[in-house]
Structures are given as structure tokens and as C-alpha cells.
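Novice: Submitted below is the structure of interest, expressed as C-alpha cells.
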Amino acid sequence: MLRSVLFALISLFSLVLPAWGGSIALVLSDRGGAYADFSSTLEEALAGTTWSISARHQAEAIPPLAGQAELVVTVGSDALRKTLGRSDNPPIIATLLPRQSYEKILAEFRRPGRITAIYLDQPAARQAAFINHLLPGLKRTGMLVSNETRNVAGQYRQAFSSAGLTLDSEDADTEHTLLPALNSLLGRVNVLIAVPDSKIYHRNNIKPILITAFRYQRPVIGYSPAFVNAGALAALHSTPAQIARQTADTIVAHGTNLPLPAAPSQFAIAINGNVAQSLGLNISDEAAIRRAMVTDREAR
């Protein structure tokens, strides 16, 4: 009997105690902006825990990492690529990159060892909830896809259907097919949903896509504040600080026993009021939409 009680107590303590501590090497794709925000927030979030950042490196100048730290956190696609290009293979948490970039880089290097990620991509169900609160009554959504994102269209279609939305898609694998596919899609849908896809949404394409959508009077839902500044109606996204706090929580909870890759747990909303006005849309502000989405999530 006593042995059973002791075992139960030990099991209980093991559930509440954090993973063992250690040092973290932080590898940044660049110095400023989002990367600096991530770095400072991660350091603040780890303060008072058994984990600490022992070194910060730029992606272009990474020293040997094995033996220097128990865990490596890479920030951005370039940081992950350069870290995987080294011969040593400490455990890695990759952050601030889209899922398709993460999977493409892993396929390129085929590296052994423990690695996980916190993606930038928002869950499809969260996107559906966002559209329902942002644009109630607009139920026909559309998505351009390439071979980078075609496999996620099914996940979105299922999640959107559960939320009372329909999702239509068009293939846009090449520069020649992009605008014909976009024109065809915009003629059938109320809203265009953009997901991270380097073949479709790159510097040369975003402006023509937004101009074409505006000509059809169709709002575009992007995936970053920069997209909204460029002319999208709105974006559901996660800030570098939010991803950094989630990274700290993951480290404290799991240590080097890395969990499966995950979507962002927290989110932010950006809305372009000028675009809303130009499209004749009367929409709620960011704070009101966010409160409604959080209430929905808590009610489920």
C-alpha cells in the first residue's frame, strides 16, 4: 500500500515539474525587426526558468553548436537551413517560418536527430472562424494553390465546411497560369484566402493579385501585416513575440524531448480600414473580432 502511494506521489510531481534545464543557442536569420523582437521576448519568457540563452548567432556565421548548448532555436527559414547545413546535429526548435518552408528544408537536408517546429501558418479552423466574424454572410471562399500548398486545400475545405463555408480553389503553378486562374476563381467566390506559398505570393505577384481582386470587388484575407499594408483587407497572423512565448513554453514543458510540430497557439488580427471602406464593407475592429473568436473557442 505504502509503495503504491509513493509511486502515485512521484508520478504526480513528475507531471508538475518542468523539464530539466540547460543552455540554448539562438540562431537568427537576420539582426533586426521580427528577429530582434523574437530574441528579446524569448529571453524575457525564459527568465526565472531553468533554461537560458547562452549564445546568439547570425545564420551566416554559425560556429559548431554541438556541445555548446543542449538545444538550438532557429528563427526564420535561413537560420534553419544554415543550421542543418552543419555536420553537428543538436536538437532544434525551428520557428518563424511557414510549414511548407520547414518541410521543404527538411526534405533537402534529410538530417538525423530531434527537430520540431512552431509554424507561422494559422490553423484552418481558426481561419474559418475569422472569416465568419469578419465577413458574416460571405460564405463562398477561394484559394489559389500550387504544388507547395495543394495538399493543404483539403484540410481547409473540411474545416471551412464545418464552419458553414465553402472553399473553391484554382491551380496557379506558373506565372502564365496565375492571372487566368485568379480571374476564373474571383468570378465564383466572395472572398480570396491567401496562404503562405512562395510560388504564388512573392514580391512580383502580390500587387497584380490585389489589383485584380479589387477590380472584382473581392476582399483578400492575407497572412501578415505586410500583406494588409499592401492592400489586403485583413490578416490573421501570429506576432514574433507570441511565437517566442510559445517557444519558451515548449522548452520549459518538454526540454529536449521535443513534441510534434505545432501551429501558433496565439494570434493577432490586422485590418486595413481604407480597403474596407473602398469595398463598402462595415466590419468590426480587430479587438472586437478577436474577443468574439476567443469566446467561441472557449465555448467549444
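Following the order of the C-alpha cells, first chain is A, next is B, and so on, with residues numbered from 1 inside each chain and ligands from 1 in the order they appear.
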From a DSSP pass on the backbone, collect the residues of region 30-95 of chain A flagged as alpha helix (DSSP H) and hand them back as a list in words.
Specialist: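 Taking region 30-95 of chain A and keeping alpha helix (DSSP H) gives Gly33, Ala34, Tyr35, Ala36, Asp37, Phe38, Ser39, Ser40, Thr41, Leu42, Glu43, Glu44, Ala45, Leu46, Ser77, Asp78, Ala79, Leu80, Arg81, Lys82, Thr83 and Leu84 of chain A.
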Novice: Write out as number ranges by chain the residues lying within 7 Å of region 134-141 of chain A, counting only C-alpha atoms and excluding same-chain residues fewer than 3 positions away.
Specialist: A: 130-131, 165-168, 189-193, 283-284, 289
Novice: Which residue is closest to Leu97 (chain A)? Choose from A:Arg150, A:Arg188, A:Arg297, A:Arg81 and count only C-alpha atoms.
Specialist: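 Using only C-alpha atoms, Leu97 (chain A) sits closest to A:Arg81.
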Novice: Can you pull out the residues contacting Leu144 (chain A)? Cut-off 8 Å, using only C-alpha atoms, and skip same-chain residues under 6 positions away; I want them as a ChimeraX atom specification.
Specialist: /A:169-172,181-182,193-194,200
Novice: Given the selection you just returned, output its residues as a file containing C-alpha atoms, formatted as an mmCIF file, in the first residue's frame.
Specialist:
```cif
data_model
loop_
_atom_site.group_PDB
_atom_site.id
_atom_site.type_symbol
_atom_site.label_atom_id
_atom_site.label_comp_id
_atom_site.auth_asym_id
_atom_site.auth_seq_id
_atom_site.Cartn_x
_atom_site.Cartn_y
_atom_site.Cartn_z
ATOM 1 C CA SER A 169 -9.605 26.512 -55.465
ATOM 2 C CA GLU A 170 -7.628 27.022 -58.653
ATOM 3 C CA ASP A 171 -4.161 25.785 -59.577
ATOM 4 C CA ALA A 172 -1.635 28.557 -60.247
ATOM 5 C CA ALA A 181 -6.709 31.116 -62.604
ATOM 6 C CA LEU A 182 -7.297 34.171 -60.410
ATOM 7 C CA ILE A 193 -7.893 33.470 -48.900
ATOM 8 C CA ALA A 194 -4.115 33.707 -49.247
ATOM 9 C CA ILE A 200 2.171 32.426 -55.782
#
```
Novice: I'd like to know which residues of region 68-266 of chain A are strand (DSSP E) (by DSSP, run on the backbone); could you write them as a PyMOL selection string?
Specialist: chain A and resi 71-75+92-97+115-119+140-145+166-171+191-193+220-222+234-237
Novice: For the residues selected in the previous step, produce a file with N, CA and C atoms as a compact mmCIF listing (two decimals), in the first residue's frame.
Specialist:
```
# COMPACT_ATOMS: atom_id res chain seq x y z
N LEU A 71 20.21 22.75 -26.61
CA LEU A 71 19.09 22.94 -27.53
C LEU A 71 19.38 24.14 -28.43
N VAL A 72 18.93 24.05 -29.69
CA VAL A 72 19.08 25.15 -30.63
C VAL A 72 17.70 25.63 -31.04
N VAL A 73 17.49 26.94 -31.03
CA VAL A 73 16.27 27.54 -31.56
C VAL A 73 16.65 28.35 -32.79
N THR A 74 16.09 27.98 -33.94
CA THR A 74 16.35 28.74 -35.16
C THR A 74 15.16 29.66 -35.43
N VAL A 75 15.44 30.85 -35.93
CA VAL A 75 14.41 31.86 -36.16
C VAL A 75 14.43 32.26 -37.63
N ILE A 92 16.69 20.71 -32.32
CA ILE A 92 16.34 22.02 -32.88
C ILE A 92 14.84 22.28 -32.76
N ILE A 93 14.50 23.50 -32.34
CA ILE A 93 13.13 24.00 -32.49
C ILE A 93 13.19 25.10 -33.55
N ALA A 94 12.53 24.87 -34.68
CA ALA A 94 12.51 25.85 -35.77
C ALA A 94 11.29 26.75 -35.62
N THR A 95 11.48 28.05 -35.76
CA THR A 95 10.37 29.00 -35.57
C THR A 95 10.36 30.06 -36.67
N LEU A 96 9.26 30.80 -36.72
CA LEU A 96 9.08 31.93 -37.63
C LEU A 96 9.29 31.53 -39.09
N LEU A 97 8.63 30.44 -39.48
CA LEU A 97 8.68 30.01 -40.88
C LEU A 97 7.39 29.26 -41.20
N ILE A 115 14.10 17.20 -34.08
CA ILE A 115 13.78 18.52 -34.60
C ILE A 115 12.27 18.70 -34.61
N THR A 116 11.81 19.89 -34.29
CA THR A 116 10.39 20.21 -34.35
C THR A 116 10.24 21.65 -34.80
N ALA A 117 9.00 22.12 -34.88
CA ALA A 117 8.77 23.49 -35.37
C ALA A 117 7.51 24.07 -34.75
N ILE A 118 7.48 25.39 -34.69
CA ILE A 118 6.26 26.16 -34.44
C ILE A 118 6.04 26.99 -35.68
N TYR A 119 5.03 26.61 -36.45
CA TYR A 119 4.79 27.22 -37.75
C TYR A 119 4.20 28.63 -37.61
N ARG A 140 -18.76 32.02 -49.66
CA ARG A 140 -18.02 31.35 -50.74
C ARG A 140 -16.60 31.89 -50.78
N THR A 141 -15.66 31.06 -50.35
CA THR A 141 -14.26 31.47 -50.28
C THR A 141 -13.45 30.77 -51.36
N GLY A 142 -12.34 31.39 -51.73
CA GLY A 142 -11.49 30.83 -52.77
C GLY A 142 -10.03 30.86 -52.38
N MET A 143 -9.24 29.94 -52.94
CA MET A 143 -7.82 29.83 -52.62
C MET A 143 -7.04 29.45 -53.87
N LEU A 144 -5.99 30.20 -54.17
CA LEU A 144 -5.04 29.80 -55.21
C LEU A 144 -4.04 28.83 -54.61
N VAL A 145 -3.73 27.75 -55.33
CA VAL A 145 -2.79 26.75 -54.82
C VAL A 145 -1.76 26.39 -55.89
N THR A 166 -17.91 27.45 -47.86
CA THR A 166 -17.43 26.60 -48.95
C THR A 166 -16.07 27.11 -49.39
N LEU A 167 -15.23 26.22 -49.88
CA LEU A 167 -13.91 26.61 -50.38
C LEU A 167 -13.73 26.08 -51.78
N ASP A 168 -13.46 27.00 -52.70
CA ASP A 168 -13.16 26.67 -54.10
C ASP A 168 -11.68 26.96 -54.31
N SER A 169 -11.04 26.28 -55.23
CA SER A 169 -9.61 26.51 -55.46
C SER A 169 -9.28 26.44 -56.95
N GLU A 170 -8.16 27.07 -57.29
CA GLU A 170 -7.63 27.02 -58.65
C GLU A 170 -6.13 26.82 -58.58
N ASP A 171 -5.60 25.99 -59.49
CA ASP A 171 -4.16 25.78 -59.58
C ASP A 171 -3.50 26.98 -60.26
N VAL A 191 -14.71 35.80 -51.39
CA VAL A 191 -13.51 36.18 -50.64
C VAL A 191 -12.33 35.34 -51.13
N LEU A 192 -11.16 35.97 -51.27
CA LEU A 192 -9.94 35.23 -51.61
C LEU A 192 -9.09 35.05 -50.36
N ILE A 193 -8.73 33.80 -50.05
CA ILE A 193 -7.89 33.47 -48.90
C ILE A 193 -6.48 33.19 -49.39
N VAL A 220 -9.48 40.39 -49.93
CA VAL A 220 -8.41 39.40 -49.81
C VAL A 220 -8.03 39.28 -48.34
N ILE A 221 -7.98 38.05 -47.85
CA ILE A 221 -7.52 37.78 -46.49
C ILE A 221 -6.09 37.28 -46.59
N GLY A 222 -5.15 38.05 -46.07
CA GLY A 222 -3.73 37.69 -46.15
C GLY A 222 -3.26 36.96 -44.92
N ALA A 234 -7.56 42.16 -44.66
CA ALA A 234 -7.24 41.77 -43.29
C ALA A 234 -6.28 40.59 -43.30
N ALA A 235 -5.73 40.30 -42.14
CA ALA A 235 -4.87 39.13 -41.98
C ALA A 235 -5.00 38.59 -40.57
N LEU A 236 -5.01 37.29 -40.48
CA LEU A 236 -4.90 36.57 -39.21
C LEU A 236 -3.45 36.09 -39.14
N HIS A 237 -2.75 36.47 -38.09
CA HIS A 237 -1.32 36.16 -38.02
C HIS A 237 -0.89 36.01 -36.57
```
